[in-house]
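Visitor: Provided herewith: entry_15.csv, CSV, C-alpha atoms.
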chain,number,residue,atom,x,y,z
F,18,MET,CA,95.4,89.5,79.6
F,19,PRO,CA,95.5,93.2,78.4
F,20,SER,CA,98.1,95.5,79.9
F,21,SER,CA,95.4,97.8,81.3
F,22,ALA,CA,94.4,95.0,83.6
F,23,PHE,CA,97.9,94.9,85.0
F,24,ASP,CA,97.9,98.7,85.4
F,25,GLU,CA,94.6,98.6,87.3
F,26,LYS,CA,95.7,95.9,89.7
F,27,ALA,CA,99.2,97.3,90.2
F,28,ALA,CA,97.6,100.6,91.4
F,29,ALA,CA,95.3,98.9,93.8
F,30,PRO,CA,96.3,99.1,97.5
F,31,LEU,CA,97.3,96.0,99.4
F,32,LYS,CA,95.2,94.9,102.3
F,33,SER,CA,96.9,96.5,105.2
F,34,ARG,CA,96.8,93.6,107.7
F,35,ALA,CA,97.1,90.8,105.2
F,36,ARG,CA,100.0,88.4,105.9
F,37,ALA,CA,102.0,87.4,102.8
F,38,LYS,CA,102.1,83.6,102.1
F,39,VAL,CA,104.3,81.8,99.7
F,40,ASP,CA,104.9,78.3,98.4
F,41,LEU,CA,108.2,76.8,97.3
F,42,ILE,CA,108.6,74.7,94.2
F,43,ALA,CA,111.9,73.0,93.2
F,44,TRP,CA,113.9,74.5,90.3
F,45,ASP,CA,114.4,72.0,87.5
F,46,PRO,CA,118.0,72.1,86.1
F,47,GLU,CA,117.0,70.1,83.1
F,48,SER,CA,114.1,72.3,82.0
F,49,PRO,CA,114.8,75.0,79.4
F,50,GLU,CA,111.9,77.1,80.7
F,51,HIS,CA,113.3,76.9,84.3
F,52,ILE,CA,116.8,77.7,83.1
F,53,GLU,CA,115.7,80.7,81.1
F,54,ARG,CA,113.5,82.0,83.9
F,55,MET,CA,116.3,81.7,86.4
F,56,PHE,CA,118.6,83.6,84.0
F,57,GLN,CA,115.9,86.4,83.6
F,58,GLN,CA,115.5,86.7,87.4
F,59,ARG,CA,119.3,86.8,88.0
F,60,ILE,CA,119.5,89.6,85.4
F,61,ALA,CA,116.8,91.4,87.3
F,62,CYS,CA,118.6,90.8,90.6
F,63,GLY,CA,121.8,92.3,89.2
F,64,TRP,CA,124.4,89.6,89.9
F,65,LYS,CA,125.4,86.0,89.3
F,66,SER,CA,123.5,85.5,86.1
F,67,ASP,CA,126.7,84.0,84.7
F,68,LEU,CA,126.5,81.2,87.3
F,69,VAL,CA,123.2,79.7,86.3
F,70,GLN,CA,124.8,77.0,84.2
F,71,LYS,CA,127.1,76.1,87.1
F,72,TRP,CA,124.1,75.9,89.4
F,73,ARG,CA,122.5,73.3,87.1
F,74,GLY,CA,125.3,70.8,88.1
F,75,LEU,CA,125.2,71.7,91.8
F,76,GLN,CA,121.4,71.3,91.8
F,77,ARG,CA,121.7,67.8,90.2
F,78,GLU,CA,124.3,66.8,92.8
F,79,GLY,CA,122.2,68.1,95.7
F,80,LYS,CA,124.8,70.6,96.8
F,81,MET,CA,122.3,73.4,96.0
F,82,ALA,CA,118.5,73.1,96.6
F,83,ILE,CA,117.1,76.0,94.7
F,84,GLN,CA,113.4,76.5,94.9
F,85,TRP,CA,111.1,79.0,93.3
F,86,VAL,CA,109.1,81.4,95.5
F,87,ILE,CA,105.5,81.6,94.3
F,88,LEU,CA,102.5,83.4,95.7
F,89,SER,CA,100.3,81.1,97.7
F,90,GLU,CA,96.6,80.8,96.9
F,91,GLU,CA,96.1,81.6,100.5
F,92,ASP,CA,97.7,85.1,100.1
F,93,PRO,CA,94.7,87.5,99.9
F,94,ASP,CA,96.8,89.9,97.8
F,95,LYS,CA,98.0,87.3,95.3
F,96,GLU,CA,96.5,88.9,92.2
F,97,ILE,CA,97.6,92.4,93.1
F,98,LYS,CA,101.2,91.3,93.8
F,99,LEU,CA,101.3,89.2,90.7
F,100,ALA,CA,100.1,92.1,88.6
F,101,GLN,CA,102.7,94.4,90.1
F,102,HIS,CA,105.4,91.9,89.3
F,103,LEU,CA,104.3,91.4,85.7
F,104,LEU,CA,103.9,95.1,85.2
F,105,LYS,CA,107.7,95.5,85.9
F,106,TYR,CA,108.8,92.2,84.3
F,107,PRO,CA,106.4,91.5,81.4
F,108,ASN,CA,108.9,89.0,80.0
F,109,GLU,CA,108.1,86.7,82.9
F,110,SER,CA,104.3,86.5,82.1
F,111,THR,CA,104.5,83.0,80.7
F,112,PRO,CA,103.9,80.3,83.3
F,113,ILE,CA,106.4,77.6,83.8
F,114,HIS,CA,105.7,74.1,85.2
F,115,ASP,CA,106.6,71.9,88.2
F,116,THR,CA,108.8,69.3,86.5
F,117,ALA,CA,111.8,68.7,88.8
F,118,ILE,CA,112.2,65.1,89.8
F,119,THR,CA,114.8,65.7,92.6
F,120,LEU,CA,115.5,68.3,95.2
F,121,GLY,CA,118.6,68.1,97.4
F,122,ALA,CA,119.5,64.9,95.6
F,123,LYS,CA,116.3,63.3,96.9
F,124,SER,CA,113.5,62.1,94.6
F,125,ARG,CA,110.3,64.1,94.4
F,126,GLU,CA,107.1,63.7,92.4
F,127,PRO,CA,106.5,66.7,90.1
F,128,THR,CA,102.9,67.9,89.8
F,129,SER,CA,103.1,69.6,86.4
F,130,ARG,CA,101.2,72.5,87.8
F,131,SER,CA,101.8,75.8,86.1
F,132,PHE,CA,103.0,78.8,88.1
F,133,ILE,CA,104.7,82.2,87.8
F,134,PRO,CA,107.6,82.5,90.2
F,135,VAL,CA,108.2,85.9,91.9
F,136,GLY,CA,111.6,84.9,93.2
F,137,HIS,CA,113.8,82.0,94.3
F,138,ILE,CA,115.9,80.8,97.3
F,139,SER,CA,118.4,78.0,97.9
F,140,LEU,CA,119.5,75.9,100.9
F,141,ASP,CA,123.0,74.7,100.2
F,142,SER,CA,124.9,71.8,101.8
F,143,GLU,CA,128.3,73.1,100.6
F,144,SER,CA,129.8,76.5,100.1
F,145,SER,CA,133.0,77.9,98.6
F,146,ASN,CA,133.2,80.2,101.6
F,147,PRO,CA,134.9,78.6,104.6
F,148,ASP,CA,132.7,77.8,107.7
F,149,GLN,CA,129.5,78.6,105.8
F,150,ALA,CA,128.1,75.1,105.2
F,151,ASP,CA,128.8,71.6,106.6
F,152,ALA,CA,126.0,69.1,106.3
F,153,SER,CA,127.8,66.7,108.6
F,154,GLN,CA,127.6,69.3,111.4
F,155,GLY,CA,124.0,70.3,110.6
F,156,MET,CA,125.0,73.7,109.1
F,157,TYR,CA,123.4,74.8,105.8
F,158,CYS,CA,123.7,78.0,103.9
F,159,ILE,CA,120.8,80.2,102.5
F,160,THR,CA,121.9,81.5,99.1
F,161,THR,CA,120.6,83.0,95.8
F,162,PHE,CA,117.7,84.7,97.7
F,163,TYR,CA,115.8,87.0,95.4
F,164,ILE,CA,112.3,88.5,95.5
F,165,SER,CA,110.9,90.6,92.6
F,166,ARG,CA,111.9,94.2,93.1
F,167,ALA,CA,108.3,95.1,92.2
F,168,ILE,CA,106.9,93.5,95.4
F,169,GLN,CA,109.8,93.4,97.9
F,170,SER,CA,108.0,95.5,100.5
F,171,GLY,CA,105.0,93.1,100.6
F,172,GLY,CA,106.3,90.7,103.3
F,173,LEU,CA,107.3,88.0,100.8
F,174,GLY,CA,110.9,88.0,102.0
F,175,SER,CA,109.8,87.1,105.5
F,176,ALA,CA,107.3,84.5,104.2
F,177,ALA,CA,110.0,82.8,102.1
F,178,MET,CA,112.5,82.8,105.0
F,179,ASP,CA,109.8,81.4,107.3
F,180,ARG,CA,109.2,78.5,104.8
F,181,ILE,CA,112.9,77.7,104.2
F,182,GLU,CA,113.8,77.8,107.9
F,183,SER,CA,110.9,75.5,108.7
F,184,GLU,CA,112.0,73.1,106.0
F,185,ALA,CA,115.6,73.2,107.2
F,186,VAL,CA,114.9,72.1,110.8
F,187,ASN,CA,112.8,69.1,109.8
F,188,GLU,CA,113.6,65.8,108.1
F,189,PRO,CA,115.7,65.1,106.2
F,190,LEU,CA,118.1,68.0,106.9
F,191,ASN,CA,117.6,68.4,110.7
F,192,ALA,CA,119.6,71.6,110.5
F,193,LYS,CA,121.2,73.1,113.6
F,194,ILE,CA,122.7,76.2,112.2
F,195,LEU,CA,121.7,78.4,109.2
F,196,SER,CA,124.2,80.8,107.6
F,197,LEU,CA,124.1,83.4,104.9
F,198,ASP,CA,125.9,86.4,103.5
F,199,THR,CA,124.4,89.7,102.4
F,200,LEU,CA,125.1,93.4,101.8
F,201,ALA,CA,126.8,94.9,104.7
F,202,ASN,CA,125.8,98.3,106.2
F,203,SER,CA,129.2,99.6,105.3
F,204,SER,CA,128.2,99.6,101.7
F,205,LEU,CA,125.1,101.6,102.5
F,206,GLU,CA,127.3,104.2,104.2
F,207,ASN,CA,129.4,104.5,101.1
F,208,GLU,CA,126.9,106.9,99.5
F,209,ALA,CA,129.2,108.0,96.7
F,210,ILE,CA,129.2,104.6,94.9
F,211,TRP,CA,125.4,104.3,94.4
F,212,PRO,CA,125.0,107.3,92.0
F,213,LYS,CA,127.9,106.0,90.0
F,214,MET,CA,126.0,102.7,89.5
F,215,GLY,CA,123.0,104.7,88.5
F,216,MET,CA,121.1,103.7,91.7
F,217,ASP,CA,119.6,105.6,94.6
F,218,VAL,CA,121.3,105.0,98.0
F,219,PRO,CA,119.4,102.1,99.6
F,220,THR,CA,117.2,103.0,102.4
F,221,PHE,CA,116.7,99.4,103.5
F,222,SER,CA,119.3,97.5,105.4
F,223,ASN,CA,119.6,93.8,104.6
F,224,GLN,CA,122.0,93.3,107.6
F,225,ASP,CA,119.5,94.9,110.0
F,226,TRP,CA,116.6,92.8,108.6
F,227,TYR,CA,118.5,89.5,109.1
F,228,GLU,CA,119.6,90.6,112.6
F,229,ARG,CA,115.9,91.1,113.5
F,230,ARG,CA,115.4,87.5,112.4
F,231,GLY,CA,118.0,86.3,114.8
F,232,TYR,CA,121.1,86.1,112.5
F,233,LYS,CA,124.3,87.3,114.0
F,234,PRO,CA,127.3,88.7,112.1
F,235,TRP,CA,130.5,86.8,112.4
F,236,LYS,CA,132.6,88.1,109.5
F,237,PHE,CA,132.9,91.1,107.2
F,238,VAL,CA,134.5,90.9,103.7
F,239,ASP,CA,135.2,94.1,101.7
F,240,GLY,CA,134.3,93.9,98.1
F,241,HIS,CA,132.9,90.3,98.3
F,242,ILE,CA,129.7,91.1,96.4
F,243,LYS,CA,130.1,91.8,92.7
F,244,GLN,CA,127.2,93.9,91.5
F,245,GLU,CA,126.8,94.0,87.8
F,246,VAL,CA,125.4,97.2,86.2
F,247,ASN,CA,125.4,97.6,82.4
F,248,GLY,CA,128.3,95.2,82.0
F,249,LYS,CA,130.5,96.8,84.7
F,250,ILE,CA,131.2,95.1,88.0
F,251,TRP,CA,131.0,97.1,91.2
F,252,PRO,CA,132.5,95.5,94.4
F,253,LEU,CA,130.3,95.9,97.6
F,254,ASP,CA,131.0,94.8,101.1
F,255,ALA,CA,129.4,91.6,102.6
F,256,VAL,CA,128.5,90.5,106.1
F,257,PHE,CA,128.5,86.8,106.9
F,258,MET,CA,125.8,85.8,109.5
F,259,LYS,CA,124.6,82.7,111.3
F,260,LYS,CA,121.6,81.6,113.3
F,261,THR,CA,121.2,78.6,115.7
F,262,VAL,CA,117.9,77.1,114.9
F,263,ILE,CA,117.7,74.4,117.6
Take the structure I supplied and represent it as structure tokens, if you would.

Guide:
Amino acid sequence: MPSSAFDEKAAAPLKSRARAKVDLIAWDPESPEHIERMFQQRIACGWKSDLVQKWRGLQREGKMAIQWVILSEEDPDKEIKLAQHLLKYPNESTPIHDTAITLGAKSREPTSRSFIPVGHISLDSESSNPDQADASQGMYCITTFYISRAIQSGGLGSAAMDRIESEAVNEPLNAKILSLDTLANSSLENEAIWPKMGMDVPTFSNQDWYERRGYKPWKFVDGHIKQEVNGKIWPLDAVFMKKTVI
């Protein structure tokens, strides 16, 4: 597709009342195209690109259940959003395929369908952070949540969270509590650090967004998030949150 087509669609307005809809497809830790695309998206995200190889083992063991976020055919703005994503990340224009044979250590039947992911999200049964995940107690941790920066304001984050929360409370997990950690408001208030990283001070609060979804802070850790910018690591504060889902 010529680049002018992307430019035209990216400039088109979204339908103001259209509700974003997404599908989730399992990440395949054995697939070179899945591994490379995950690495590309973690680079775009700005952190943890160095952990992709480690995640392959955790995905095989079922300790992580990473899934791609893809635009649903039912999303009326699918083509516009996809064009916006590819305009910003043209190296992600090649579709990948549904090839994973397991998710969460349970067998699944891959469809071989081709798709272009616009993000990813994981539901983990274990965590290196104390009191964040314990499958025996019905507590699972949402991690590695990323939506393309080109379309983050299009409601896809809410749609992905709706899907992952719906999956968590049903068989086979029957989750009772979901946990996560994210950028704390204290890092937004540290306005001096953002220009040093070559970034504008964020105007959107992750912490406030999750609180509106019912997640409650229970712990704050200074410098927990390691944001990579041009090879330099910047420590940012994290807030740990939980939500009772039954």

Visitor: Can you check which parts of segment 142-199 of chain F lie within 12 Å of segment 59-73 of chain F? Per residue, the shortest pair of atoms and distance in Å to one decimal, counting all atoms listed in the file, sorted by chain and number, as JSON lines.

Guide:
{"residue": "F:Thr160", "atom": "CA", "partner": "F:Lys65", "partner_atom": "CA", "distance": 11.3}
{"residue": "F:Thr161", "atom": "CA", "partner": "F:Lys65", "partner_atom": "CA", "distance": 8.6}
{"residue": "F:Phe162", "atom": "CA", "partner": "F:Cys62", "partner_atom": "CA", "distance": 9.4}
{"residue": "F:Tyr163", "atom": "CA", "partner": "F:Cys62", "partner_atom": "CA", "distance": 6.7}
{"residue": "F:Ile164", "atom": "CA", "partner": "F:Cys62", "partner_atom": "CA", "distance": 8.3}
{"residue": "F:Ser165", "atom": "CA", "partner": "F:Cys62", "partner_atom": "CA", "distance": 8.0}
{"residue": "F:Arg166", "atom": "CA", "partner": "F:Cys62", "partner_atom": "CA", "distance": 7.9}
{"residue": "F:Ala167", "atom": "CA", "partner": "F:Ala61", "partner_atom": "CA", "distance": 10.5}
{"residue": "F:Gln169", "atom": "CA", "partner": "F:Cys62", "partner_atom": "CA", "distance": 11.7}

Visitor: For atom CA of Asp225 of chain F and atom CA of Ala100 of chain F, determine how far apart the two atoms are, in Å to one decimal place.

Guide: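 Between atom CA of Asp225 of chain F and atom CA of Ala100 of chain F the gap is 29.0 Å.
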
Visitor: Can you tell me which residues surround His114 of chain F at a distance of at most 6 Å, considering only C-alpha atoms, apart from same-chain residues fewer than 6 positions away, and format the answer as a list in words?

Guide: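 Contacts, with the query itself left out: Ser129, Arg130 and Ser131 of chain F.
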
Visitor: List the spatial neighbours of Ile168 of chain F as JSON, numbers by chain - criterion: any atom at most 8 Å away, all atoms listed in the file, same-chain residues fewer than 5 positions off excluded.

Guide: {"F": [98, 101, 102, 173]}

Visitor: Go ahead and dump the residues you just picked, C-alpha atoms, as a PDB file, keeping the file's coordinate frame.

Guide:
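Generated output (again-v3.pdb):
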ATOM      1  CA  LYS F  98     101.200  91.300  93.800  1.00  0.00           C
ATOM      2  CA  GLN F 101     102.700  94.400  90.100  1.00  0.00           C
ATOM      3  CA  HIS F 102     105.400  91.900  89.300  1.00  0.00           C
ATOM      4  CA  LEU F 173     107.300  88.000 100.800  1.00  0.00           C
TER       5      LEU F 173
END

Visitor: Considering all atoms listed in the file, return as number ranges by chain whatever protein or nucleic-acid residues lie within 12 Å of Ile113 of chain F, sequence-local ones (same chain, fewer than 6 positions apart) excluded.

Guide: F: 42-45, 48-55, 85, 87, 128-135

Visitor: Please compute the atom CA of Asp115 of chain F-atom CA of Gly79 of chain F distance, one decimal, in Å.

Guide: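 Between atom CA of Asp115 of chain F and atom CA of Gly79 of chain F the gap is 17.7 Å.
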
Visitor: Would you mind putting back N, CA and C atoms on segment 90-122 of chain F, then writing it out as a PDB file, in the coordinates of the input?

Guide:
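Contents of the output file rebuild01.pdb:
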ATOM      1  N   GLU F  90      98.027  80.497  97.066  1.00  0.00           N
ATOM      2  CA  GLU F  90      96.600  80.800  96.900  1.00  0.00           C
ATOM      3  C   GLU F  90      95.977  81.327  98.124  1.00  0.00           C
ATOM      4  N   GLU F  91      96.623  81.128  99.270  1.00  0.00           N
ATOM      5  CA  GLU F  91      96.100  81.600 100.500  1.00  0.00           C
ATOM      6  C   GLU F  91      96.485  83.081 100.794  1.00  0.00           C
ATOM      7  N   ASP F  92      97.327  83.659  99.941  1.00  0.00           N
ATOM      8  CA  ASP F  92      97.700  85.100 100.100  1.00  0.00           C
ATOM      9  C   ASP F  92      96.553  85.914  99.533  1.00  0.00           C
ATOM     10  N   PRO F  93      95.887  86.687 100.386  1.00  0.00           N
ATOM     11  CA  PRO F  93      94.700  87.500  99.900  1.00  0.00           C
ATOM     12  C   PRO F  93      95.061  88.527  98.892  1.00  0.00           C
ATOM     13  N   ASP F  94      96.335  88.896  98.794  1.00  0.00           N
ATOM     14  CA  ASP F  94      96.800  89.900  97.800  1.00  0.00           C
ATOM     15  C   ASP F  94      97.495  89.299  96.640  1.00  0.00           C
ATOM     16  N   LYS F  95      97.293  88.013  96.408  1.00  0.00           N
ATOM     17  CA  LYS F  95      98.000  87.300  95.300  1.00  0.00           C
ATOM     18  C   LYS F  95      97.897  88.030  93.995  1.00  0.00           C
ATOM     19  N   GLU F  96      96.683  88.317  93.565  1.00  0.00           N
ATOM     20  CA  GLU F  96      96.500  88.900  92.200  1.00  0.00           C
ATOM     21  C   GLU F  96      97.069  90.263  92.096  1.00  0.00           C
ATOM     22  N   ILE F  97      96.989  91.060  93.142  1.00  0.00           N
ATOM     23  CA  ILE F  97      97.600  92.400  93.100  1.00  0.00           C
ATOM     24  C   ILE F  97      99.085  92.326  93.002  1.00  0.00           C
ATOM     25  N   LYS F  98      99.684  91.476  93.836  1.00  0.00           N
ATOM     26  CA  LYS F  98     101.200  91.300  93.800  1.00  0.00           C
ATOM     27  C   LYS F  98     101.639  90.791  92.491  1.00  0.00           C
ATOM     28  N   LEU F  99     100.933  89.793  91.961  1.00  0.00           N
ATOM     29  CA  LEU F  99     101.300  89.200  90.700  1.00  0.00           C
ATOM     30  C   LEU F  99     101.251  90.250  89.577  1.00  0.00           C
ATOM     31  N   ALA F 100     100.203  91.075  89.595  1.00  0.00           N
ATOM     32  CA  ALA F 100     100.100  92.100  88.600  1.00  0.00           C
ATOM     33  C   ALA F 100     101.211  93.135  88.692  1.00  0.00           C
ATOM     34  N   GLN F 101     101.603  93.481  89.927  1.00  0.00           N
ATOM     35  CA  GLN F 101     102.700  94.400  90.100  1.00  0.00           C
ATOM     36  C   GLN F 101     104.019  93.816  89.578  1.00  0.00           C
ATOM     37  N   HIS F 102     104.215  92.537  89.838  1.00  0.00           N
ATOM     38  CA  HIS F 102     105.400  91.900  89.300  1.00  0.00           C
ATOM     39  C   HIS F 102     105.451  91.858  87.825  1.00  0.00           C
ATOM     40  N   LEU F 103     104.354  91.491  87.193  1.00  0.00           N
ATOM     41  CA  LEU F 103     104.300  91.400  85.700  1.00  0.00           C
ATOM     42  C   LEU F 103     104.348  92.729  85.048  1.00  0.00           C
ATOM     43  N   LEU F 104     103.874  93.749  85.723  1.00  0.00           N
ATOM     44  CA  LEU F 104     103.900  95.100  85.200  1.00  0.00           C
ATOM     45  C   LEU F 104     105.412  95.524  85.005  1.00  0.00           C
ATOM     46  N   LYS F 105     106.229  95.136  85.983  1.00  0.00           N
ATOM     47  CA  LYS F 105     107.700  95.500  85.900  1.00  0.00           C
ATOM     48  C   LYS F 105     108.449  94.510  85.086  1.00  0.00           C
ATOM     49  N   TYR F 106     108.029  93.240  85.077  1.00  0.00           N
ATOM     50  CA  TYR F 106     108.800  92.200  84.300  1.00  0.00           C
ATOM     51  C   TYR F 106     107.825  91.456  83.400  1.00  0.00           C
ATOM     52  N   PRO F 107     107.344  92.115  82.348  1.00  0.00           N
ATOM     53  CA  PRO F 107     106.400  91.500  81.400  1.00  0.00           C
ATOM     54  C   PRO F 107     106.959  90.257  80.716  1.00  0.00           C
ATOM     55  N   ASN F 108     108.288  90.161  80.624  1.00  0.00           N
ATOM     56  CA  ASN F 108     108.900  89.000  80.000  1.00  0.00           C
ATOM     57  C   ASN F 108     108.767  87.730  80.806  1.00  0.00           C
ATOM     58  N   GLU F 109     108.264  87.846  82.047  1.00  0.00           N
ATOM     59  CA  GLU F 109     108.100  86.700  82.900  1.00  0.00           C
ATOM     60  C   GLU F 109     106.604  86.268  82.988  1.00  0.00           C
ATOM     61  N   SER F 110     105.786  86.746  82.064  1.00  0.00           N
ATOM     62  CA  SER F 110     104.300  86.500  82.100  1.00  0.00           C
ATOM     63  C   SER F 110     103.930  85.087  81.754  1.00  0.00           C
ATOM     64  N   THR F 111     104.795  84.366  81.049  1.00  0.00           N
ATOM     65  CA  THR F 111     104.500  83.000  80.700  1.00  0.00           C
ATOM     66  C   THR F 111     104.680  82.041  81.823  1.00  0.00           C
ATOM     67  N   PRO F 112     103.672  81.290  82.232  1.00  0.00           N
ATOM     68  CA  PRO F 112     103.900  80.300  83.300  1.00  0.00           C
ATOM     69  C   PRO F 112     104.868  79.246  82.972  1.00  0.00           C
ATOM     70  N   ILE F 113     105.553  78.739  83.979  1.00  0.00           N
ATOM     71  CA  ILE F 113     106.400  77.600  83.800  1.00  0.00           C
ATOM     72  C   ILE F 113     105.752  76.424  84.607  1.00  0.00           C
ATOM     73  N   HIS F 114     106.349  75.236  84.604  1.00  0.00           N
ATOM     74  CA  HIS F 114     105.700  74.100  85.200  1.00  0.00           C
ATOM     75  C   HIS F 114     106.550  73.319  86.167  1.00  0.00           C
ATOM     76  N   ASP F 115     105.894  72.685  87.118  1.00  0.00           N
ATOM     77  CA  ASP F 115     106.600  71.900  88.200  1.00  0.00           C
ATOM     78  C   ASP F 115     107.019  70.566  87.550  1.00  0.00           C
ATOM     79  N   THR F 116     108.317  70.478  87.195  1.00  0.00           N
ATOM     80  CA  THR F 116     108.800  69.300  86.500  1.00  0.00           C
ATOM     81  C   THR F 116     110.039  68.648  87.174  1.00  0.00           C
ATOM     82  N   ALA F 117     110.577  69.248  88.220  1.00  0.00           N
ATOM     83  CA  ALA F 117     111.800  68.700  88.800  1.00  0.00           C
ATOM     84  C   ALA F 117     111.526  67.366  89.498  1.00  0.00           C
ATOM     85  N   ILE F 118     112.400  66.406  89.247  1.00  0.00           N
ATOM     86  CA  ILE F 118     112.200  65.100  89.800  1.00  0.00           C
ATOM     87  C   ILE F 118     113.092  64.834  91.048  1.00  0.00           C
ATOM     88  N   THR F 119     113.950  65.800  91.360  1.00  0.00           N
ATOM     89  CA  THR F 119     114.800  65.700  92.600  1.00  0.00           C
ATOM     90  C   THR F 119     114.870  67.087  93.223  1.00  0.00           C
ATOM     91  N   LEU F 120     115.179  67.110  94.506  1.00  0.00           N
ATOM     92  CA  LEU F 120     115.500  68.300  95.200  1.00  0.00           C
ATOM     93  C   LEU F 120     116.478  67.906  96.351  1.00  0.00           C
ATOM     94  N   GLY F 121     117.646  68.521  96.393  1.00  0.00           N
ATOM     95  CA  GLY F 121     118.600  68.100  97.400  1.00  0.00           C
ATOM     96  C   GLY F 121     119.066  66.677  97.215  1.00  0.00           C
ATOM     97  N   ALA F 122     119.132  66.235  95.950  1.00  0.00           N
ATOM     98  CA  ALA F 122     119.500  64.900  95.600  1.00  0.00           C
ATOM     99  C   ALA F 122     118.556  63.808  96.084  1.00  0.00           C
TER     100      ALA F 122
END
